[in-house]
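Visitor: Here you go, this is target29.tsv (TSV, C-alpha atoms).
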chain	number	residue	atom	x	y	z
A	1	MET	CA	64.83	3.78	-68.69
A	2	THR	CA	63.55	5.95	-71.50
A	3	VAL	CA	63.13	2.90	-73.72
A	4	ASP	CA	61.49	1.02	-70.80
A	5	HIS	CA	59.16	3.92	-70.17
A	6	LYS	CA	58.07	3.93	-73.78
A	7	GLN	CA	58.03	0.22	-74.49
A	8	ASN	CA	57.51	-1.33	-70.97
A	9	HIS	CA	60.24	-3.88	-71.39
A	10	LEU	CA	60.81	-4.18	-67.59
A	11	GLU	CA	57.12	-4.42	-66.61
A	12	SER	CA	57.25	-8.17	-66.26
A	13	VAL	CA	60.34	-7.92	-64.10
A	14	ARG	CA	58.72	-5.41	-61.80
A	15	SER	CA	55.63	-7.60	-61.52
A	16	ILE	CA	57.75	-10.57	-60.52
A	17	LEU	CA	59.68	-8.51	-57.97
A	18	SER	CA	56.43	-7.08	-56.56
A	19	THR	CA	55.05	-10.58	-56.14
A	20	LEU	CA	58.20	-11.70	-54.36
A	21	VAL	CA	58.33	-8.66	-52.08
A	22	TYR	CA	54.60	-8.65	-51.10
A	23	PRO	CA	54.89	-11.38	-48.46
A	24	LEU	CA	57.73	-9.46	-46.84
A	25	GLN	CA	55.66	-6.25	-46.87
A	26	TYR	CA	52.69	-8.12	-45.37
A	27	VAL	CA	54.81	-9.58	-42.58
A	28	VAL	CA	56.40	-6.21	-41.84
A	29	ASN	CA	52.92	-4.55	-41.73
A	30	ILE	CA	51.42	-7.12	-39.32
A	31	PRO	CA	52.55	-5.34	-36.10
A	32	VAL	CA	51.24	-2.01	-37.35
A	33	ALA	CA	47.89	-3.52	-38.39
A	34	ALA	CA	47.64	-5.42	-35.09
A	35	THR	CA	48.30	-2.23	-33.17
A	36	HIS	CA	45.51	-0.41	-35.02
A	37	TRP	CA	43.11	-3.37	-34.58
A	38	PHE	CA	43.88	-3.67	-30.88
A	39	SER	CA	43.49	0.07	-30.36
A	40	ASP	CA	40.18	0.16	-32.21
A	41	ASN	CA	38.80	-2.84	-30.30
A	42	VAL	CA	39.95	-1.58	-26.90
A	43	VAL	CA	38.32	1.79	-27.54
A	44	THR	CA	35.16	0.10	-28.77
A	45	ARG	CA	35.00	-2.23	-25.74
A	46	LYS	CA	35.58	0.67	-23.37
A	47	GLU	CA	32.82	2.66	-25.03
A	48	LEU	CA	30.47	-0.33	-24.86
A	49	LEU	CA	31.19	-0.84	-21.17
A	50	GLU	CA	30.63	2.85	-20.45
A	51	GLU	CA	27.41	2.87	-22.46
A	52	ASN	CA	26.23	-0.30	-20.73
A	53	ALA	CA	26.91	1.24	-17.31
A	54	ARG	CA	25.07	4.40	-18.33
A	55	LEU	CA	22.08	2.44	-19.61
A	56	ASN	CA	21.96	0.39	-16.40
A	57	GLU	CA	22.00	3.59	-14.35
A	58	GLU	CA	19.21	5.09	-16.44
A	59	HIS	CA	17.25	1.84	-16.13
A	60	LEU	CA	17.52	1.94	-12.33
A	61	LYS	CA	16.49	5.61	-12.25
A	62	LEU	CA	13.50	4.94	-14.49
A	63	ASN	CA	12.44	1.96	-12.36
A	64	SER	CA	12.76	4.08	-9.23
A	65	ARG	CA	10.63	6.82	-10.76
A	66	LEU	CA	8.09	4.27	-11.94
A	67	GLN	CA	7.82	2.84	-8.44
A	68	ARG	CA	7.36	6.34	-7.01
A	69	PHE	CA	4.68	7.09	-9.61
A	70	THR	CA	2.94	3.82	-8.72
A	71	ILE	CA	3.08	4.68	-5.01
A	72	LEU	CA	1.74	8.18	-5.69
A	73	GLU	CA	-1.01	6.74	-7.86
A	74	GLU	CA	-2.06	4.34	-5.08
A	75	GLU	CA	-1.90	7.14	-2.52
A	76	ASN	CA	-4.06	9.37	-4.72
A	77	LYS	CA	-6.52	6.51	-5.12
A	78	ARG	CA	-6.73	6.04	-1.35
A	79	LEU	CA	-7.21	9.77	-0.81
A	80	ARG	CA	-9.95	9.90	-3.43
A	81	GLU	CA	-11.70	7.01	-1.68
A	82	LEU	CA	-11.37	8.82	1.65
A	83	LEU	CA	-12.80	12.01	0.16
A	84	GLU	CA	-15.70	10.09	-1.34
A	85	SER	CA	-16.23	8.44	2.04
A	86	SER	CA	-16.20	11.82	3.79
A	87	LEU	CA	-18.91	13.07	1.41
A	88	GLU	CA	-21.13	10.17	2.50
A	89	LEU	CA	-20.72	11.22	6.13
A	90	SER	CA	-22.70	14.29	7.16
A	91	GLU	CA	-20.33	14.84	10.08
A	92	ARG	CA	-17.17	16.92	10.13
A	93	VAL	CA	-14.10	14.85	9.20
A	94	LEU	CA	-10.32	15.28	9.08
A	95	VAL	CA	-7.72	13.17	7.25
A	96	ALA	CA	-4.89	11.78	9.39
A	97	ASP	CA	-1.83	9.66	8.58
A	98	LEU	CA	-0.91	6.46	10.38
A	99	ILE	CA	2.55	6.87	11.91
A	100	ASP	CA	2.95	3.74	14.05
A	101	VAL	CA	1.40	0.33	14.69
A	102	ASP	CA	1.22	-1.46	18.02
A	103	LEU	CA	0.11	-5.02	17.35
A	104	GLY	CA	0.57	-7.67	20.01
A	105	PRO	CA	-1.12	-10.99	20.81
A	106	PHE	CA	-3.65	-9.14	22.99
A	107	ARG	CA	-3.46	-5.63	21.54
A	108	ARG	CA	-4.56	-3.96	18.31
A	109	GLN	CA	-3.66	-0.28	18.32
A	110	ILE	CA	-2.33	2.34	15.90
A	111	ILE	CA	-0.99	5.88	16.30
A	112	ILE	CA	-2.07	8.74	14.04
A	113	ASN	CA	-0.57	12.19	13.50
A	114	LYS	CA	-3.51	14.25	14.75
A	115	GLY	CA	-4.12	15.28	18.36
A	116	LEU	CA	-5.48	17.98	20.64
A	117	ASN	CA	-4.18	20.74	18.40
A	118	GLN	CA	-6.48	19.49	15.64
A	119	GLY	CA	-9.48	19.03	17.96
A	120	ALA	CA	-9.18	15.27	18.50
A	121	TYR	CA	-10.69	13.87	21.71
A	122	ASP	CA	-10.84	10.63	23.70
A	123	GLY	CA	-13.48	8.28	22.31
A	124	GLN	CA	-13.49	9.90	18.87
A	125	PRO	CA	-14.40	7.45	16.07
A	126	ILE	CA	-11.85	6.66	13.36
A	127	VAL	CA	-12.87	5.31	9.95
A	128	ASP	CA	-11.30	4.64	6.58
A	129	ALA	CA	-12.81	4.61	3.10
A	130	SER	CA	-14.40	1.20	3.68
A	131	GLY	CA	-15.64	1.16	7.25
A	132	ILE	CA	-15.13	1.80	10.95
A	133	MET	CA	-11.58	1.21	12.22
A	134	GLY	CA	-11.77	2.08	15.92
A	135	GLN	CA	-11.74	4.96	18.37
A	136	ILE	CA	-9.18	7.17	20.09
A	137	ILE	CA	-8.22	6.02	23.59
A	138	HIS	CA	-5.41	8.49	24.25
A	139	VAL	CA	-4.93	11.94	22.71
A	140	GLY	CA	-1.76	14.04	22.88
A	141	PRO	CA	-0.97	17.48	21.47
A	142	PHE	CA	0.23	16.17	18.10
A	143	SER	CA	-0.76	12.48	17.96
A	144	SER	CA	-3.38	10.04	19.18
A	145	THR	CA	-3.59	6.33	19.99
A	146	VAL	CA	-6.44	4.46	18.34
A	147	LEU	CA	-7.95	1.21	19.66
A	148	LEU	CA	-8.95	-0.88	16.66
A	149	ILE	CA	-12.30	-2.68	16.58
A	150	THR	CA	-10.42	-6.00	16.42
A	151	ASP	CA	-8.78	-5.43	19.81
A	152	PRO	CA	-10.08	-8.03	22.32
A	153	THR	CA	-11.14	-5.24	24.72
A	154	HIS	CA	-13.25	-3.40	22.15
A	155	ALA	CA	-16.98	-3.85	21.66
A	156	LEU	CA	-19.15	-1.98	19.18
A	157	PRO	CA	-22.98	-1.74	19.06
A	158	VAL	CA	-24.09	-2.85	15.59
A	159	GLN	CA	-27.12	-4.02	13.68
A	160	ILE	CA	-27.84	-6.25	10.70
A	161	ASN	CA	-28.44	-3.88	7.80
A	162	ARG	CA	-30.99	-6.24	6.19
A	163	ASN	CA	-33.41	-6.44	9.14
A	164	GLY	CA	-32.18	-4.07	11.86
A	165	LEU	CA	-31.35	-6.87	14.31
A	166	ARG	CA	-29.05	-5.49	17.00
A	167	ALA	CA	-25.90	-7.11	18.36
A	168	ILE	CA	-22.46	-6.36	19.77
A	169	ALA	CA	-19.35	-6.79	17.59
A	170	VAL	CA	-16.40	-7.78	19.75
A	171	GLY	CA	-12.74	-7.85	18.77
A	172	THR	CA	-10.95	-11.18	18.65
A	173	GLY	CA	-7.33	-10.02	18.47
A	174	GLN	CA	-7.17	-10.98	14.78
A	175	ASP	CA	-7.08	-8.32	12.06
A	176	SER	CA	-9.63	-10.06	9.89
A	177	VAL	CA	-12.20	-11.36	12.41
A	178	LEU	CA	-14.86	-9.85	14.66
A	179	SER	CA	-17.35	-11.83	16.73
A	180	LEU	CA	-21.07	-11.09	17.13
A	181	GLU	CA	-22.10	-11.75	20.71
A	182	HIS	CA	-25.38	-13.01	22.20
A	183	LEU	CA	-27.25	-13.87	19.00
A	184	PRO	CA	-29.72	-16.72	19.55
A	185	THR	CA	-29.49	-19.76	17.32
A	186	ASN	CA	-32.87	-18.89	15.78
A	187	ALA	CA	-31.84	-15.28	14.95
A	188	ASP	CA	-32.49	-14.13	11.38
A	189	ILE	CA	-28.89	-13.88	10.22
A	190	ARG	CA	-27.19	-15.09	7.05
A	191	GLU	CA	-23.66	-15.33	5.74
A	192	GLY	CA	-23.01	-12.24	3.63
A	193	ASP	CA	-25.22	-9.96	5.76
A	194	LEU	CA	-23.80	-6.44	6.08
A	195	ILE	CA	-23.17	-5.28	9.65
A	196	VAL	CA	-23.39	-1.52	10.30
A	197	SER	CA	-22.99	0.68	13.34
A	198	SER	CA	-26.23	1.21	15.24
A	199	GLY	CA	-25.32	4.60	16.69
A	200	LEU	CA	-26.06	3.39	20.23
A	201	GLY	CA	-23.44	4.36	22.78
A	202	HIS	CA	-22.93	7.75	21.09
A	203	HIS	CA	-19.42	7.02	19.85
A	204	PHE	CA	-19.78	5.99	16.22
A	205	PRO	CA	-21.88	7.46	13.40
A	206	ARG	CA	-25.01	5.44	12.71
A	207	GLY	CA	-25.21	3.25	9.62
A	208	TYR	CA	-21.49	3.12	8.82
A	209	PRO	CA	-20.13	-0.26	7.58
A	210	VAL	CA	-18.51	-2.48	10.19
A	211	GLY	CA	-18.21	-5.80	8.37
A	212	THR	CA	-19.86	-8.76	6.68
A	213	ILE	CA	-20.92	-12.02	8.30
A	214	SER	CA	-18.45	-14.62	7.07
A	215	LYS	CA	-19.35	-17.68	9.17
A	216	ILE	CA	-22.19	-18.94	11.37
A	217	ALA	CA	-21.49	-21.91	13.61
A	218	LEU	CA	-24.05	-23.73	15.78
A	219	VAL	CA	-22.77	-25.64	18.81
A	220	PRO	CA	-25.09	-28.34	20.26
A	221	GLY	CA	-26.42	-27.26	23.62
A	222	ASP	CA	-25.31	-23.63	23.18
A	223	PRO	CA	-28.28	-21.21	22.94
A	224	PHE	CA	-26.17	-18.67	21.05
A	225	SER	CA	-24.67	-18.85	17.57
A	226	ARG	CA	-20.98	-18.29	17.01
A	227	VAL	CA	-20.91	-15.62	14.33
A	228	SER	CA	-17.72	-14.41	12.66
A	229	VAL	CA	-17.55	-11.09	10.83
A	230	GLN	CA	-15.05	-9.93	8.22
A	231	PRO	CA	-14.30	-6.21	8.95
A	232	SER	CA	-15.08	-3.76	6.16
A	233	ALA	CA	-12.15	-1.46	7.02
A	234	ASN	CA	-8.69	-2.25	5.69
A	235	LEU	CA	-7.25	-2.52	9.17
A	236	GLY	CA	-3.89	-3.91	8.10
A	237	LYS	CA	-3.45	-1.76	4.98
A	238	SER	CA	-4.85	1.73	5.51
A	239	ARG	CA	-2.23	4.49	5.59
A	240	GLU	CA	-4.72	7.36	5.84
A	241	VAL	CA	-7.77	7.50	8.11
A	242	LEU	CA	-10.61	9.90	8.89
A	243	LEU	CA	-11.32	11.45	12.27
A	244	VAL	CA	-15.08	11.94	12.61
A	245	TRP	CA	-17.02	14.45	14.73
A	246	PRO	CA	-20.43	12.69	14.69
A	247	PHE	CA	-22.25	14.98	17.11
A	248	GLU	CA	-20.92	18.41	16.14
A	249	GLN	CA	-23.50	19.34	13.50
A	250	SER	CA	-26.45	17.89	15.39
A	251	GLY	CA	-25.72	20.11	18.39
A	252	GLU	CA	-25.16	17.15	20.72
A	253	LYS	CA	-22.22	17.15	23.05
A	254	LYS	CA	-19.47	14.66	22.40
A	255	PRO	CA	-19.68	11.71	24.78
A	256	ASP	CA	-17.91	11.95	28.10
A	257	ASP	CA	-18.90	8.48	29.26
A	258	ASP	CA	-16.44	5.57	29.27
A	259	LEU	CA	-15.44	3.87	26.04
A	260	VAL	CA	-17.57	1.01	24.88
A	261	ALA	CA	-15.54	-2.00	25.95
A	262	ASN	CA	-15.89	-5.72	26.15
A	263	PRO	CA	-16.88	-6.51	29.74
Hey, can you dump this file as structure tokens for me?
Guide:
Amino acid sequence: MTVDHKQNHLESVRSILSTLVYPLQYVVNIPVAATHWFSDNVVTRKELLEENARLNEEHLKLNSRLQRFTILEEENKRLRELLESSLELSERVLVADLIDVDLGPFRRQIIINKGLNQGAYDGQPIVDASGIMGQIIHVGPFSSTVLLITDPTHALPVQINRNGLRAIAVGTGQDSVLSLEHLPTNADIREGDLIVSSGLGHHFPRGYPVGTISKIALVPGDPFSRVSVQPSANLGKSREVLLVWPFEQSGEKKPDDDLVANP
């Protein structure tokens, strides 16, 4: 061994033996290596699954927050529009929330969360940021029922903003259509004309948008035109509305007469 250590006579023998033994060592080590590989991959897969679940949860939470932010942004936009609308009105106003809808084939009504405790009264006009919506027909302590201008029993005194021509806007039972009654075929009206409240009847503030003429039809033999109006108010979308006190600042008493209705 001393001679081998100094002169390396057995180096070639050891090399040959190492070459012969290596396959056996490799085979013997396979189970151990497989165990380590399997353990590493199982841990990695488990971590990936956990991370994937966590990321999915965070994604859902972020989407939920984004939707809430979008809803809040739209609500803020509607409230800003209402506030701007209230500045245009010289009358006292109060914001109310819509809490229920009662829409049937012959009925267009909503319920709002303001009532006698807030000073609401029968016949009080209700508007949104875009135009007149209707008027209160029943008031309770904490809520009120509003008859929309599209209800078939509702009629509203109006005038053409362009020339002051007066008419009556009657509900048709459809959210997007009003009808102008008793306009002669030779009346000075055009599609696109803005219709505003006339103030007659002492229920609605004068000069507030009601709608825009969308269609004029002439029927042979009929002395009156069939005029359709697209309402200005977002009757099917508004979530917040304004209660208006149109006679409070002028010193007039609020009307005690019957509601303006389609005879």
Visitor: What does the distance between atom CA of Trp245 of chain A and atom CA of Leu156 of chain A come to in Å, to one decimal place?
Guide: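 The value is 17.2 Å.
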Visitor: Using all atoms listed in the file, which residues sit within 7 Å of Pro209 of chain A once same-chain residues fewer than 2 positions away are excluded, as a list of chain:residue names?
Guide: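 Once the nearby chain positions are removed, what remains is A:Gly131, A:Ile132, A:Ile195, A:Val196, A:Ser197, A:Gly207, A:Gly211, A:Ser232.
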Visitor: So which one's closest to Ala233 of chain A, A:Gln124, A:Ser176, A:Asn117, A:Ser130? Using only C-alpha atoms, please.
Guide: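 Nearest candidate to Ala233 of chain A out of A:Gln124, A:Ser176, A:Asn117, A:Ser130: A:Ser130.
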Visitor: Atom CA of Arg206 of chain A and atom CA of Leu98 of chain A are how many Å apart?
Guide: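 Atom CA of Arg206 of chain A sits 24.2 Å away from atom CA of Leu98 of chain A.
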Visitor: Please, what distance in Å, to one decimal, runs between atom CA of Asp128 of chain A and atom CA of Ala167 of chain A?
Guide: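 So the answer is 22.1 Å.
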Visitor: May I have the protein, DNA and RNA residues with an atom at most 9 Å from (0.1, 16.5, 24.6), counting all atoms listed in the file in the file's coordinates, returned as a list in words?
Guide: Gly115, Leu116, Asn117, Val139, Gly140, Pro141, Phe142 and Ser143 of chain A
Visitor: Would you export the selected residues with C-alpha atoms as a PDB file, in the frame of the given file, please?
Guide:
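Printed below is result04.pdb as written:
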ATOM      1  CA  GLY A 115      -4.120  15.280  18.360  1.00  0.00           C
ATOM      2  CA  LEU A 116      -5.480  17.980  20.640  1.00  0.00           C
ATOM      3  CA  ASN A 117      -4.180  20.740  18.400  1.00  0.00           C
ATOM      4  CA  VAL A 139      -4.930  11.940  22.710  1.00  0.00           C
ATOM      5  CA  GLY A 140      -1.760  14.040  22.880  1.00  0.00           C
ATOM      6  CA  PRO A 141      -0.970  17.480  21.470  1.00  0.00           C
ATOM      7  CA  PHE A 142       0.230  16.170  18.100  1.00  0.00           C
ATOM      8  CA  SER A 143      -0.760  12.480  17.960  1.00  0.00           C
TER       9      SER A 143
END
Visitor: Considering all atoms listed in the file, return as an NGL selection string whatever protein or nucleic-acid residues lie within 8 Å of segment 99-108 of chain A, sequence-local ones (same chain, fewer than 5 positions apart) excluded.
Guide: :A and (113 or 147-148 or 150-152 or 173)
Visitor: Write the residues of the selection above to a file with C-alpha atoms, as a CSV table (one decimal), in the coordinates of the input.
Guide:
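Output below, filename out21.csv:
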chain,number,residue,atom,x,y,z
A,113,ASN,CA,-0.6,12.2,13.5
A,147,LEU,CA,-8.0,1.2,19.7
A,148,LEU,CA,-9.0,-0.9,16.7
A,150,THR,CA,-10.4,-6.0,16.4
A,151,ASP,CA,-8.8,-5.4,19.8
A,152,PRO,CA,-10.1,-8.0,22.3
A,173,GLY,CA,-7.3,-10.0,18.5
Visitor: Hey, what's within 6 Å of Gly123 of chain A if we count all atoms listed in the file and toss same-chain stuff fewer than 5 positions away? As a list in words, please?
Guide: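 Neighbouring residues, sequence-local ones excluded: Gln135, Ile136 and Ile137 of chain A.
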Visitor: Write out the residues from the selection above, keeping C-alpha atoms, as an mmCIF file, in the frame of the given file.
Guide:
data_model
loop_
_atom_site.group_PDB
_atom_site.id
_atom_site.type_symbol
_atom_site.label_atom_id
_atom_site.label_comp_id
_atom_site.auth_asym_id
_atom_site.auth_seq_id
_atom_site.Cartn_x
_atom_site.Cartn_y
_atom_site.Cartn_z
ATOM 1 C CA GLN A 135 -11.740 4.960 18.370
ATOM 2 C CA ILE A 136 -9.180 7.170 20.090
ATOM 3 C CA ILE A 137 -8.220 6.020 23.590
#
Visitor: Given all atoms listed in the file as the basis, pick out the residue of A:Gln118, A:Ser198, A:Gln109, A:Thr185 nearest to His154 of chain A.
Guide: A:Gln109
Visitor: Between A:Arg54, A:Val241, A:Leu178, A:Leu200, which one has atoms that come closest to Gln159 of chain A, using all atoms listed in the file?
Guide: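 Closest to Gln159 of chain A of all the choices is A:Leu200.
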Visitor: Could you write out as JSON the box around segment 125-136 of chain A (axis-aligned, all atoms listed in the file, 6 Å on each side), with centre and edge lengths in Å to one decimal?
Guide:
{"center_x": -12.4, "center_y": 4.3, "center_z": 11.6, "size_x": 18.5, "size_y": 18.3, "size_z": 29.0}
Visitor: Taking into account only C-alpha atoms, which residue in the set A:Asp122, A:Asp188, A:Asp193, A:Glu181 is nearest to Asn161 of chain A?
Guide: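 Closest candidate: A:Asp193.
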Visitor: With all atoms listed in the file as the basis for distance, which of A:Ala53, A:Val146, A:Ile189, A:Leu180 is at the shortest distance from Gly164 of chain A?
Guide: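 Using all atoms listed in the file, the shortest distance to Gly164 of chain A belongs to A:Ile189.
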Visitor: Do you know which residues are at most 6 Å from Ile149 of chain A counting all atoms listed in the file, after dropping those on the same chain fewer than 4 positions away, and could you put them as a list in words?
Guide: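 In the requested form, the answer reads Met133, Gly134, His154 and Gly171 of chain A.
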Visitor: Ranking A:Leu49, A:His138, A:Gly201, A:Val177 by minimum distance to Val229 of chain A and counting only C-alpha atoms, which one comes first?
Guide: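 Answer, going by the shortest atom-to-atom distance: A:Val177.
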